[in-house]
$ cat upload-v6.cif   # mmCIF, C-alpha atoms, pLDDT in the B column; chains and numbers go by the auth columns
data_work
#
loop_
_atom_site.group_PDB
_atom_site.id
_atom_site.type_symbol
_atom_site.label_atom_id
_atom_site.label_comp_id
_atom_site.label_asym_id
_atom_site.label_seq_id
_atom_site.Cartn_x
_atom_site.Cartn_y
_atom_site.Cartn_z
_atom_site.B_iso_or_equiv
_atom_site.auth_seq_id
_atom_site.auth_asym_id
ATOM 1 C CA MET A 1 18.204 2.240 10.846 92.00 18 A
ATOM 2 C CA THR A 2 15.864 1.541 7.951 96.00 19 A
ATOM 3 C CA ARG A 3 13.449 4.271 6.874 97.00 20 A
ATOM 4 C CA ILE A 4 10.398 3.570 4.727 98.00 21 A
ATOM 5 C CA PHE A 5 8.098 6.310 3.449 98.00 22 A
ATOM 6 C CA HIS A 6 4.727 4.599 3.124 98.00 23 A
ATOM 7 C CA VAL A 7 2.155 6.239 0.869 98.00 24 A
ATOM 8 C CA SER A 8 -1.088 4.999 -0.632 98.00 25 A
ATOM 9 C CA ASP A 9 -4.099 5.974 -2.731 97.00 26 A
ATOM 10 C CA VAL A 10 -2.427 8.675 -4.800 97.00 27 A
ATOM 11 C CA HIS A 11 -5.164 8.274 -7.428 96.00 28 A
ATOM 12 C CA PHE A 12 -3.614 9.972 -10.441 97.00 29 A
ATOM 13 C CA GLY A 13 -6.593 11.386 -12.243 96.00 30 A
ATOM 14 C CA THR A 14 -7.868 12.877 -8.991 94.00 31 A
ATOM 15 C CA GLU A 15 -4.463 13.575 -7.453 95.00 32 A
ATOM 16 C CA ASP A 16 -3.698 16.486 -5.155 95.00 33 A
ATOM 17 C CA ARG A 17 -0.836 18.213 -6.946 96.00 34 A
ATOM 18 C CA ASP A 18 0.167 20.303 -3.951 96.00 35 A
ATOM 19 C CA ALA A 19 0.345 17.166 -1.813 96.00 36 A
ATOM 20 C CA LEU A 20 2.405 15.375 -4.461 97.00 37 A
ATOM 21 C CA ALA A 21 4.911 18.212 -4.619 97.00 38 A
ATOM 22 C CA TRP A 22 5.076 18.306 -0.822 96.00 39 A
ATOM 23 C CA PHE A 23 5.743 14.556 -0.598 97.00 40 A
ATOM 24 C CA ALA A 24 8.426 14.779 -3.291 97.00 41 A
ATOM 25 C CA ALA A 25 10.147 17.487 -1.244 97.00 42 A
ATOM 26 C CA GLU A 26 9.926 15.285 1.861 97.00 43 A
ATOM 27 C CA VAL A 27 11.621 12.428 -0.004 97.00 44 A
ATOM 28 C CA LYS A 28 14.332 14.698 -1.368 96.00 45 A
ATOM 29 C CA ALA A 29 15.084 16.105 2.074 96.00 46 A
ATOM 30 C CA ALA A 30 15.163 12.772 3.918 96.00 47 A
ATOM 31 C CA SER A 31 16.413 10.250 1.294 96.00 48 A
ATOM 32 C CA PRO A 32 14.489 7.259 2.704 97.00 49 A
ATOM 33 C CA ASP A 33 15.642 3.725 2.005 96.00 50 A
ATOM 34 C CA LEU A 34 12.340 2.967 0.252 97.00 51 A
ATOM 35 C CA VAL A 35 9.144 4.600 -0.927 97.00 52 A
ATOM 36 C CA LEU A 36 6.419 1.978 -0.484 97.00 53 A
ATOM 37 C CA VAL A 37 3.167 2.519 -2.378 98.00 54 A
ATOM 38 C CA THR A 38 0.326 0.265 -1.211 98.00 55 A
ATOM 39 C CA GLY A 39 -1.894 0.587 -4.226 96.00 56 A
ATOM 40 C CA ASP A 40 -4.338 2.848 -6.043 97.00 57 A
ATOM 41 C CA LEU A 41 -1.740 4.897 -7.848 97.00 58 A
ATOM 42 C CA THR A 42 -4.432 5.690 -10.400 98.00 59 A
ATOM 43 C CA ALA A 43 -8.122 6.544 -10.408 96.00 60 A
ATOM 44 C CA ALA A 44 -9.165 4.201 -13.227 96.00 61 A
ATOM 45 C CA ALA A 45 -5.955 2.546 -14.539 97.00 62 A
ATOM 46 C CA ARG A 46 -5.944 4.688 -17.666 97.00 63 A
ATOM 47 C CA THR A 47 -2.735 4.743 -19.688 97.00 64 A
ATOM 48 C CA SER A 48 -2.449 8.507 -19.177 97.00 65 A
ATOM 49 C CA GLU A 49 -2.802 8.088 -15.394 98.00 66 A
ATOM 50 C CA PHE A 50 -0.047 5.498 -15.258 97.00 67 A
ATOM 51 C CA ALA A 51 2.166 7.749 -17.386 97.00 68 A
ATOM 52 C CA ALA A 52 1.684 10.653 -14.963 97.00 69 A
ATOM 53 C CA ALA A 53 2.268 8.376 -11.989 97.00 70 A
ATOM 54 C CA GLY A 54 5.446 7.064 -13.584 97.00 71 A
ATOM 55 C CA ASP A 55 6.787 10.562 -14.158 97.00 72 A
ATOM 56 C CA TRP A 56 6.134 11.471 -10.529 97.00 73 A
ATOM 57 C CA LEU A 57 7.680 8.305 -9.116 97.00 74 A
ATOM 58 C CA ALA A 58 10.736 8.590 -11.350 95.00 75 A
ATOM 59 C CA GLY A 59 11.229 12.122 -10.101 96.00 76 A
ATOM 60 C CA LEU A 60 11.423 10.969 -6.497 95.00 77 A
ATOM 61 C CA ALA A 61 14.907 9.546 -7.119 86.00 78 A
ATOM 62 C CA ALA A 62 14.414 6.887 -4.435 93.00 79 A
ATOM 63 C CA PRO A 63 13.904 3.115 -4.491 96.00 80 A
ATOM 64 C CA VAL A 64 10.216 2.436 -5.108 96.00 81 A
ATOM 65 C CA ARG A 65 8.079 -0.621 -4.387 96.00 82 A
ATOM 66 C CA ILE A 66 4.476 -0.761 -5.609 97.00 83 A
ATOM 67 C CA GLU A 67 1.647 -3.026 -4.488 97.00 84 A
ATOM 68 C CA PRO A 68 -1.491 -3.263 -6.666 98.00 85 A
ATOM 69 C CA GLY A 69 -4.704 -1.521 -5.648 97.00 86 A
ATOM 70 C CA THR A 70 -8.224 -1.959 -6.937 96.00 87 A
ATOM 71 C CA HIS A 71 -8.102 1.227 -8.996 97.00 88 A
ATOM 72 C CA ASP A 72 -4.924 -0.005 -10.701 98.00 89 A
ATOM 73 C CA LEU A 73 -6.974 -2.603 -12.572 97.00 90 A
ATOM 74 C CA PRO A 74 -8.775 -1.265 -15.674 96.00 91 A
ATOM 75 C CA VAL A 75 -12.152 0.208 -14.746 93.00 92 A
ATOM 76 C CA TYR A 76 -13.523 1.057 -18.192 93.00 93 A
ATOM 77 C CA ASN A 77 -11.938 -1.759 -20.221 95.00 94 A
ATOM 78 C CA PRO A 78 -13.604 -4.992 -19.053 94.00 95 A
ATOM 79 C CA VAL A 79 -11.795 -7.163 -21.616 96.00 96 A
ATOM 80 C CA LEU A 80 -8.379 -5.998 -20.443 96.00 97 A
ATOM 81 C CA ARG A 81 -9.474 -6.274 -16.814 96.00 98 A
ATOM 82 C CA LEU A 82 -10.441 -9.917 -17.257 95.00 99 A
ATOM 83 C CA THR A 83 -7.577 -10.978 -19.530 97.00 100 A
ATOM 84 C CA ARG A 84 -4.563 -8.871 -18.456 97.00 101 A
ATOM 85 C CA PRO A 85 -5.620 -6.928 -15.355 97.00 102 A
ATOM 86 C CA TYR A 86 -2.101 -6.038 -14.192 97.00 103 A
ATOM 87 C CA ALA A 87 -0.468 -5.351 -17.566 97.00 104 A
ATOM 88 C CA ARG A 88 -0.397 -1.558 -17.283 97.00 105 A
ATOM 89 C CA LEU A 89 0.773 -1.670 -13.683 97.00 106 A
ATOM 90 C CA ALA A 90 3.520 -4.133 -14.622 97.00 107 A
ATOM 91 C CA ARG A 91 4.820 -1.735 -17.266 97.00 108 A
ATOM 92 C CA LEU A 92 4.943 1.022 -14.664 97.00 109 A
ATOM 93 C CA VAL A 93 6.804 -1.196 -12.200 95.00 110 A
ATOM 94 C CA ALA A 94 9.303 -2.119 -14.907 95.00 111 A
ATOM 95 C CA ARG A 95 9.861 1.575 -15.547 94.00 112 A
ATOM 96 C CA VAL A 96 10.237 2.973 -12.023 93.00 113 A
ATOM 97 C CA GLY A 97 10.528 0.049 -9.605 82.00 114 A
ATOM 98 C CA ARG A 98 13.957 -0.135 -7.997 80.00 115 A
ATOM 99 C CA PRO A 99 14.830 -2.739 -5.374 79.00 116 A
ATOM 100 C CA ALA A 100 15.909 -1.391 -2.022 84.00 117 A
ATOM 101 C CA VAL A 101 18.529 -2.824 0.300 84.00 118 A
ATOM 102 C CA LEU A 102 16.764 -3.123 3.648 93.00 119 A
ATOM 103 C CA ASP A 103 19.199 -4.343 6.273 89.00 120 A
ATOM 104 C CA ASP A 104 16.901 -4.241 9.299 94.00 121 A
ATOM 105 C CA VAL A 105 13.565 -5.594 8.032 97.00 122 A
ATOM 106 C CA SER A 106 12.103 -8.037 5.519 97.00 123 A
ATOM 107 C CA LEU A 107 9.252 -6.867 3.295 97.00 124 A
ATOM 108 C CA VAL A 108 6.818 -9.318 1.677 97.00 125 A
ATOM 109 C CA SER A 109 3.804 -8.744 -0.565 97.00 126 A
ATOM 110 C CA LEU A 110 0.208 -9.935 -0.203 98.00 127 A
ATOM 111 C CA LYS A 111 -2.155 -9.446 -3.146 98.00 128 A
ATOM 112 C CA THR A 112 -5.635 -8.413 -1.996 98.00 129 A
ATOM 113 C CA THR A 113 -7.034 -7.338 -5.379 98.00 130 A
ATOM 114 C CA ALA A 114 -9.109 -9.430 -7.793 96.00 131 A
ATOM 115 C CA ARG A 115 -10.120 -8.966 -11.411 95.00 132 A
ATOM 116 C CA ALA A 116 -13.655 -10.109 -10.516 94.00 133 A
ATOM 117 C CA GLN A 117 -15.562 -11.276 -7.457 93.00 134 A
ATOM 118 C CA TRP A 118 -18.884 -12.940 -6.655 91.00 135 A
ATOM 119 C CA ARG A 119 -20.198 -9.688 -5.194 92.00 136 A
ATOM 120 C CA THR A 120 -21.167 -6.387 -6.753 91.00 137 A
ATOM 121 C CA ASN A 121 -18.417 -4.242 -5.237 92.00 138 A
ATOM 122 C CA TRP A 122 -15.173 -5.421 -6.801 91.00 139 A
ATOM 123 C CA SER A 123 -13.204 -2.690 -5.036 91.00 140 A
ATOM 124 C CA LEU A 124 -13.359 -4.650 -1.779 94.00 141 A
ATOM 125 C CA GLY A 125 -10.462 -6.841 -0.753 96.00 142 A
ATOM 126 C CA HIS A 126 -10.020 -10.529 -1.451 97.00 143 A
ATOM 127 C CA VAL A 127 -7.209 -12.832 -0.336 98.00 144 A
ATOM 128 C CA GLY A 128 -7.061 -15.954 -2.450 97.00 145 A
ATOM 129 C CA ARG A 129 -5.403 -19.207 -1.428 97.00 146 A
ATOM 130 C CA SER A 130 -2.626 -18.912 -3.989 97.00 147 A
ATOM 131 C CA ALA A 131 -1.895 -15.306 -3.030 98.00 148 A
ATOM 132 C CA LEU A 132 -1.611 -16.215 0.642 98.00 149 A
ATOM 133 C CA ALA A 133 0.543 -19.239 -0.179 98.00 150 A
ATOM 134 C CA ARG A 134 2.992 -17.044 -2.125 98.00 151 A
ATOM 135 C CA THR A 135 3.222 -14.613 0.764 98.00 152 A
ATOM 136 C CA LEU A 136 3.788 -17.342 3.335 98.00 153 A
ATOM 137 C CA ALA A 137 6.551 -18.761 1.128 98.00 154 A
ATOM 138 C CA GLU A 138 8.215 -15.317 1.169 97.00 155 A
ATOM 139 C CA VAL A 139 7.882 -15.224 4.946 97.00 156 A
ATOM 140 C CA ARG A 140 9.517 -18.644 5.319 97.00 157 A
ATOM 141 C CA ALA A 141 12.422 -17.507 3.127 96.00 158 A
ATOM 142 C CA ALA A 142 13.025 -14.354 5.166 95.00 159 A
ATOM 143 C CA PRO A 143 15.875 -14.220 7.710 93.00 160 A
ATOM 144 C CA ALA A 144 14.615 -15.222 11.133 87.00 161 A
ATOM 145 C CA SER A 145 16.567 -12.421 12.806 90.00 162 A
ATOM 146 C CA ARG A 146 14.588 -9.594 11.185 95.00 163 A
ATOM 147 C CA PRO A 147 11.069 -8.308 11.737 97.00 164 A
ATOM 148 C CA ILE A 148 8.782 -8.992 8.774 98.00 165 A
ATOM 149 C CA ILE A 149 6.371 -6.484 7.268 98.00 166 A
ATOM 150 C CA ALA A 150 3.663 -7.651 4.870 98.00 167 A
ATOM 151 C CA ALA A 151 2.425 -5.028 2.399 98.00 168 A
ATOM 152 C CA CYS A 152 -1.004 -5.094 0.755 98.00 169 A
ATOM 153 C CA HIS A 153 -3.691 -2.678 -0.406 98.00 170 A
ATOM 154 C CA HIS A 154 -6.709 -3.561 1.721 97.00 171 A
ATOM 155 C CA PRO A 155 -6.799 -3.750 5.524 97.00 172 A
ATOM 156 C CA LEU A 156 -7.260 -7.411 6.334 97.00 173 A
ATOM 157 C CA VAL A 157 -9.749 -6.681 9.124 96.00 174 A
ATOM 158 C CA ASP A 158 -12.008 -3.718 9.883 92.00 175 A
ATOM 159 C CA MET A 159 -10.048 -0.787 11.274 87.00 176 A
ATOM 160 C CA GLY A 160 -13.048 1.306 12.282 83.00 177 A
ATOM 161 C CA THR A 161 -12.392 3.982 9.684 82.00 178 A
ATOM 162 C CA ARG A 162 -15.006 5.742 7.602 79.00 179 A
ATOM 163 C CA THR A 163 -14.251 3.458 4.655 79.00 180 A
ATOM 164 C CA LYS A 164 -16.186 0.236 5.223 79.00 181 A
ATOM 165 C CA GLY A 165 -16.193 -3.152 3.533 79.00 182 A
ATOM 166 C CA SER A 166 -14.776 -6.540 4.386 89.00 183 A
ATOM 167 C CA THR A 167 -11.758 -8.247 2.886 96.00 184 A
ATOM 168 C CA ARG A 168 -12.784 -11.794 2.068 96.00 185 A
ATOM 169 C CA GLY A 169 -10.353 -14.203 3.630 97.00 186 A
ATOM 170 C CA GLY A 170 -8.667 -11.297 5.397 97.00 187 A
ATOM 171 C CA ALA A 171 -9.062 -12.454 8.987 96.00 188 A
ATOM 172 C CA ALA A 172 -7.860 -15.963 8.163 97.00 189 A
ATOM 173 C CA ALA A 173 -4.925 -14.529 6.211 98.00 190 A
ATOM 174 C CA LEU A 174 -3.991 -12.279 9.113 97.00 191 A
ATOM 175 C CA ALA A 175 -4.052 -15.223 11.502 97.00 192 A
ATOM 176 C CA ALA A 176 -1.837 -17.224 9.141 97.00 193 A
ATOM 177 C CA LEU A 177 0.609 -14.337 8.835 98.00 194 A
ATOM 178 C CA ALA A 178 0.728 -13.950 12.611 97.00 195 A
ATOM 179 C CA GLU A 179 1.425 -17.639 13.098 96.00 196 A
ATOM 180 C CA ALA A 180 4.181 -17.454 10.472 96.00 197 A
ATOM 181 C CA GLY A 181 5.920 -14.664 12.384 96.00 198 A
ATOM 182 C CA VAL A 182 4.878 -11.497 10.550 97.00 199 A
ATOM 183 C CA THR A 183 5.433 -8.450 12.745 97.00 200 A
ATOM 184 C CA ALA A 184 3.281 -5.878 10.950 98.00 201 A
ATOM 185 C CA VAL A 185 0.909 -5.493 8.001 98.00 202 A
ATOM 186 C CA VAL A 186 0.854 -2.179 6.131 98.00 203 A
ATOM 187 C CA SER A 187 -1.961 -1.196 3.777 98.00 204 A
ATOM 188 C CA GLY A 188 -3.975 1.636 2.273 97.00 205 A
ATOM 189 C CA HIS A 189 -7.503 1.844 0.811 96.00 206 A
ATOM 190 C CA THR A 190 -9.147 3.671 3.725 95.00 207 A
ATOM 191 C CA HIS A 191 -7.755 7.149 2.843 94.00 208 A
ATOM 192 C CA ASP A 192 -7.312 7.646 6.603 95.00 209 A
ATOM 193 C CA PRO A 193 -4.204 6.535 8.509 96.00 210 A
ATOM 194 C CA PHE A 194 -4.411 4.062 11.369 96.00 211 A
ATOM 195 C CA ASP A 195 -2.015 2.204 13.657 97.00 212 A
ATOM 196 C CA ARG A 196 -3.461 -0.609 15.763 96.00 213 A
ATOM 197 C CA MET A 197 -2.360 -3.819 17.461 96.00 214 A
ATOM 198 C CA TRP A 198 -4.280 -6.978 16.519 96.00 215 A
ATOM 199 C CA PRO A 199 -3.973 -9.608 19.256 94.00 216 A
ATOM 200 C CA HIS A 200 -3.322 -13.185 18.243 91.00 217 A
ATOM 201 C CA GLY A 201 -2.441 -15.970 20.637 88.00 218 A
ATOM 202 C CA ASP A 202 0.193 -14.764 23.068 87.00 219 A
ATOM 203 C CA GLY A 203 1.289 -11.927 20.800 89.00 220 A
ATOM 204 C CA ALA A 204 0.001 -9.313 18.399 95.00 221 A
ATOM 205 C CA VAL A 205 0.460 -8.048 14.852 97.00 222 A
ATOM 206 C CA ARG A 206 0.722 -4.342 14.202 97.00 223 A
ATOM 207 C CA LEU A 207 -1.650 -2.998 11.520 98.00 224 A
ATOM 208 C CA ILE A 208 -0.536 0.253 9.885 98.00 225 A
ATOM 209 C CA GLY A 209 -2.550 2.112 7.260 97.00 226 A
ATOM 210 C CA ALA A 210 -1.588 5.093 5.133 97.00 227 A
ATOM 211 C CA GLY A 211 -3.816 7.994 4.169 96.00 228 A
ATOM 212 C CA THR A 212 -4.100 9.516 0.698 96.00 229 A
ATOM 213 C CA LEU A 213 -2.303 12.041 -1.471 95.00 230 A
ATOM 214 C CA SER A 214 -5.384 12.593 -3.608 93.00 231 A
ATOM 215 C CA GLU A 215 -8.291 15.011 -3.490 89.00 232 A
ATOM 216 C CA ARG A 216 -10.468 12.149 -2.236 85.00 233 A
ATOM 217 C CA VAL A 217 -9.836 12.829 1.442 80.00 234 A
ATOM 218 C CA ARG A 218 -12.004 11.387 4.201 76.00 235 A
ATOM 219 C CA GLU A 219 -11.454 12.403 7.837 82.00 236 A
ATOM 220 C CA THR A 220 -7.813 13.507 7.552 87.00 237 A
ATOM 221 C CA MET A 221 -5.756 15.733 5.286 92.00 238 A
ATOM 222 C CA PRO A 222 -3.277 14.230 2.786 95.00 239 A
ATOM 223 C CA SER A 223 -0.543 12.330 4.609 96.00 240 A
ATOM 224 C CA TYR A 224 2.036 9.583 4.528 97.00 241 A
ATOM 225 C CA ASN A 225 3.694 7.292 7.085 98.00 242 A
ATOM 226 C CA ARG A 226 7.321 7.428 8.136 98.00 243 A
ATOM 227 C CA ILE A 227 8.159 3.894 9.223 98.00 244 A
ATOM 228 C CA THR A 228 11.512 3.300 10.879 97.00 245 A
ATOM 229 C CA VAL A 229 13.082 0.046 12.003 97.00 246 A
ATOM 230 C CA VAL A 230 15.875 0.100 14.578 95.00 247 A
ATOM 231 C CA ASP A 231 17.197 -2.986 16.361 92.00 248 A
ATOM 232 C CA GLY A 232 14.115 -4.969 15.404 92.00 249 A
ATOM 233 C CA GLU A 233 11.674 -2.334 16.661 95.00 250 A
ATOM 234 C CA ILE A 234 9.165 -0.761 14.258 97.00 251 A
ATOM 235 C CA ASP A 235 8.121 2.843 14.759 97.00 252 A
ATOM 236 C CA ASN A 236 5.550 4.735 12.720 98.00 253 A
ATOM 237 C CA PHE A 237 4.816 8.437 12.510 96.00 254 A
ATOM 238 C CA VAL A 238 2.028 9.974 10.412 96.00 255 A
ATOM 239 C CA VAL A 239 3.157 13.103 8.585 96.00 256 A
ATOM 240 C CA SER A 240 0.328 15.330 7.344 94.00 257 A
ATOM 241 C CA HIS A 241 0.461 17.963 4.646 90.00 258 A
ATOM 242 C CA GLY A 242 0.729 21.370 6.242 71.00 259 A
ATOM 243 C CA GLU A 243 1.989 20.088 9.591 65.00 260 A
ATOM 244 C CA GLY A 244 5.715 19.968 8.875 49.00 261 A
ATOM 245 C CA SER A 245 7.989 17.028 8.302 45.00 262 A
ATOM 246 C CA GLY A 246 7.567 15.375 11.707 41.00 263 A
ATOM 247 C CA ARG A 247 10.613 13.375 12.680 38.00 264 A
#

$ encode --input "upload-v6.cif" --output "structure tokens"
Amino acid sequence: MTRIFHVSDVHFGTEDRDALAWFAAEVKAASPDLVLVTGDLTAAARTSEFAAAGDWLAGLAAPVRIEPGTHDLPVYNPVLRLTRPYARLARLVARVGRPAVLDDVSLVSLKTTARAQWRTNWSLGHVGRSALARTLAEVRAAPASRPIIAACHHPLVDMGTRTKGSTRGGAAALAALAEAGVTAVVSGHTHDPFDRMWPHGDGAVRLIGAGTLSERVRETMPSYNRITVVDGEIDNFVVSHGEGSGR
């Protein structure tokens, strides 16, 4: 069995310290195979926010994989955002990122962030051709015998949550992932968890979203997802702060 603790939108700078301590205790008690963070570790990509995030992630003592979120690109430094948007995040990944050995599932990345867009709200998702091509290459290289999970920050299609806004190229990317054999897509951004099936052709892709561990809650309290993979089957259970450790 492979166990992945999926968390998103921690937003250091507006983090919920009680929720962070609770999640750290959950990781210590369960020793998951991977802690997957689908973006927005920080509120504004400040150096101090990344430093605090790094300290917290290092303290988890578990393999960590981090996908970029919109708030992980500099908000108040436009020059750095346009020239080296992922530099601070890359330093964090070099510090705390540890590869995990996942025997039952393949995990691939899909970048949905952009340093700039031809629309006023740059926090919305965007899937570029090169980003999708890289992901599809990862999918083709994955063992055919395992389910494949694609990880990104933005939901590729509208999930009906309170957080609105379209991901440009998201629907086409999701169709391409489905045709390539991706089993599930996990994301964040909405601050509310979701778990839906998206039909495509004769099958379907599972769309799983994580909530937040920040003070910026929407409809649900701080939470994370416990994703397990057994014999090719993916199971997901939302664990909320104050409701126990689930299963």

$ closest_residue --input "upload-v6.cif" --among "A:Thr207, A:Thr100, A:Phe40, A:Leu106" --to "Glu66 (chain A)" --atoms "only C-alpha atoms"
A:Leu106

$ resolve_selection --input "upload-v6.cif" --expression "the PyMOL selection byres ((chain A and resi 72) around 12)" --output "PyMOL selection string"
chain A and resi 29+37+41+65-71+73-78+109-110+112-113

$ atom_distance --input "upload-v6.cif" --atom1 "CA of Arg146 (chain A)" --atom2 "CA of Pro172 (chain A)"
17.0 Å

$ closest_residue --input "upload-v6.cif" --among "A:Gly186, A:Gly114, A:Pro164, A:Pro85" --to "Val246 (chain A)" --atoms "all atoms listed in the file"
A:Pro164

$ atom_distance --input "upload-v6.cif" --atom1 "CA of Leu173 (chain A)" --atom2 "CA of Ala190 (chain A)"
7.5 Å

$ resolve_selection --input "upload-v6.cif" --expression "the PyMOL selection byres ((chain A and resi 119) around 10)" --output "VMD selection string"
chain A and resid 18 to 21 50 to 51 116 to 118 120 to 124 246

$ residues_near_point --input "upload-v6.cif" --point "(-4.2, 7.5, 14.8)" --cutoff "10 Å" --atoms "all atoms listed in the file" --output "PDB file with C-alpha atoms, in the frame of the given file"
ATOM      1  CA  ASP A 209      -7.312   7.646   6.603  1.00 95.00           C
ATOM      2  CA  PRO A 210      -4.204   6.535   8.509  1.00 96.00           C
ATOM      3  CA  PHE A 211      -4.411   4.062  11.369  1.00 96.00           C
ATOM      4  CA  ASP A 212      -2.015   2.204  13.657  1.00 97.00           C
ATOM      5  CA  ARG A 213      -3.461  -0.609  15.763  1.00 96.00           C
ATOM      6  CA  ILE A 225      -0.536   0.253   9.885  1.00 98.00           C
ATOM      7  CA  GLY A 226      -2.550   2.112   7.260  1.00 97.00           C
ATOM      8  CA  PHE A 254       4.816   8.437  12.510  1.00 96.00           C
ATOM      9  CA  VAL A 255       2.028   9.974  10.412  1.00 96.00           C
TER      10      VAL A 255
END

$ closest_residue --input "upload-v6.cif" --among "A:Glu232, A:Glu196, A:Glu155, A:Asp89" --to "Ala131 (chain A)" --atoms "only C-alpha atoms"
A:Asp89

$ build_atoms --input "upload-v6.cif" --residues "region 34-50 of chain A" --atoms "N, CA, C and O atoms" --output "short mmCIF file (atom, residue, chain, number, x, y, z; two decimals), keeping the file's coordinate frame"
data_model
loop_
_atom_site.label_atom_id
_atom_site.label_comp_id
_atom_site.auth_asym_id
_atom_site.auth_seq_id
_atom_site.Cartn_x
_atom_site.Cartn_y
_atom_site.Cartn_z
N ARG A 34 -2.16 17.84 -6.45
CA ARG A 34 -0.84 18.21 -6.95
C ARG A 34 0.02 18.89 -5.89
O ARG A 34 1.24 18.69 -5.84
N ASP A 35 -0.60 19.68 -5.03
CA ASP A 35 0.17 20.30 -3.95
C ASP A 35 0.72 19.24 -3.00
O ASP A 35 1.87 19.32 -2.56
N ALA A 36 -0.10 18.24 -2.70
CA ALA A 36 0.34 17.17 -1.81
C ALA A 36 1.45 16.34 -2.46
O ALA A 36 2.40 15.92 -1.78
N LEU A 37 1.36 16.12 -3.76
CA LEU A 37 2.40 15.38 -4.46
C LEU A 37 3.73 16.12 -4.43
O LEU A 37 4.79 15.52 -4.20
N ALA A 38 3.69 17.41 -4.65
CA ALA A 38 4.91 18.21 -4.62
C ALA A 38 5.50 18.23 -3.20
O ALA A 38 6.73 18.16 -3.03
N TRP A 39 4.63 18.33 -2.22
CA TRP A 39 5.08 18.31 -0.82
C TRP A 39 5.75 16.98 -0.49
O TRP A 39 6.84 16.97 0.10
N PHE A 40 5.15 15.85 -0.89
CA PHE A 40 5.74 14.56 -0.60
C PHE A 40 7.08 14.41 -1.31
O PHE A 40 8.05 13.88 -0.73
N ALA A 41 7.16 14.85 -2.55
CA ALA A 41 8.43 14.78 -3.29
C ALA A 41 9.52 15.56 -2.56
O ALA A 41 10.68 15.11 -2.50
N ALA A 42 9.17 16.70 -2.00
CA ALA A 42 10.15 17.49 -1.24
C ALA A 42 10.57 16.76 0.03
O ALA A 42 11.73 16.81 0.44
N GLU A 43 9.61 16.07 0.67
CA GLU A 43 9.93 15.28 1.86
C GLU A 43 10.93 14.17 1.53
O GLU A 43 11.88 13.93 2.28
N VAL A 44 10.72 13.51 0.41
CA VAL A 44 11.62 12.43 0.00
C VAL A 44 13.01 12.99 -0.31
O VAL A 44 14.03 12.43 0.10
N LYS A 45 13.05 14.09 -1.01
CA LYS A 45 14.33 14.70 -1.37
C LYS A 45 15.11 15.10 -0.13
O LYS A 45 16.34 14.92 -0.05
N ALA A 46 14.42 15.63 0.87
CA ALA A 46 15.08 16.10 2.07
C ALA A 46 15.58 14.96 2.95
O ALA A 46 16.63 15.08 3.60
N ALA A 47 14.85 13.84 2.97
CA ALA A 47 15.16 12.77 3.92
C ALA A 47 15.88 11.58 3.31
O ALA A 47 16.50 10.79 4.03
N SER A 48 15.80 11.39 1.99
CA SER A 48 16.41 10.25 1.29
C SER A 48 16.11 8.93 1.99
O SER A 48 17.01 8.24 2.49
N PRO A 49 14.83 8.52 2.04
CA PRO A 49 14.49 7.26 2.70
C PRO A 49 15.06 6.07 1.95
O PRO A 49 15.40 6.15 0.76
N ASP A 50 15.14 4.94 2.64
CA ASP A 50 15.64 3.72 2.00
C ASP A 50 14.65 3.17 0.99
O ASP A 50 15.05 2.46 0.06
#
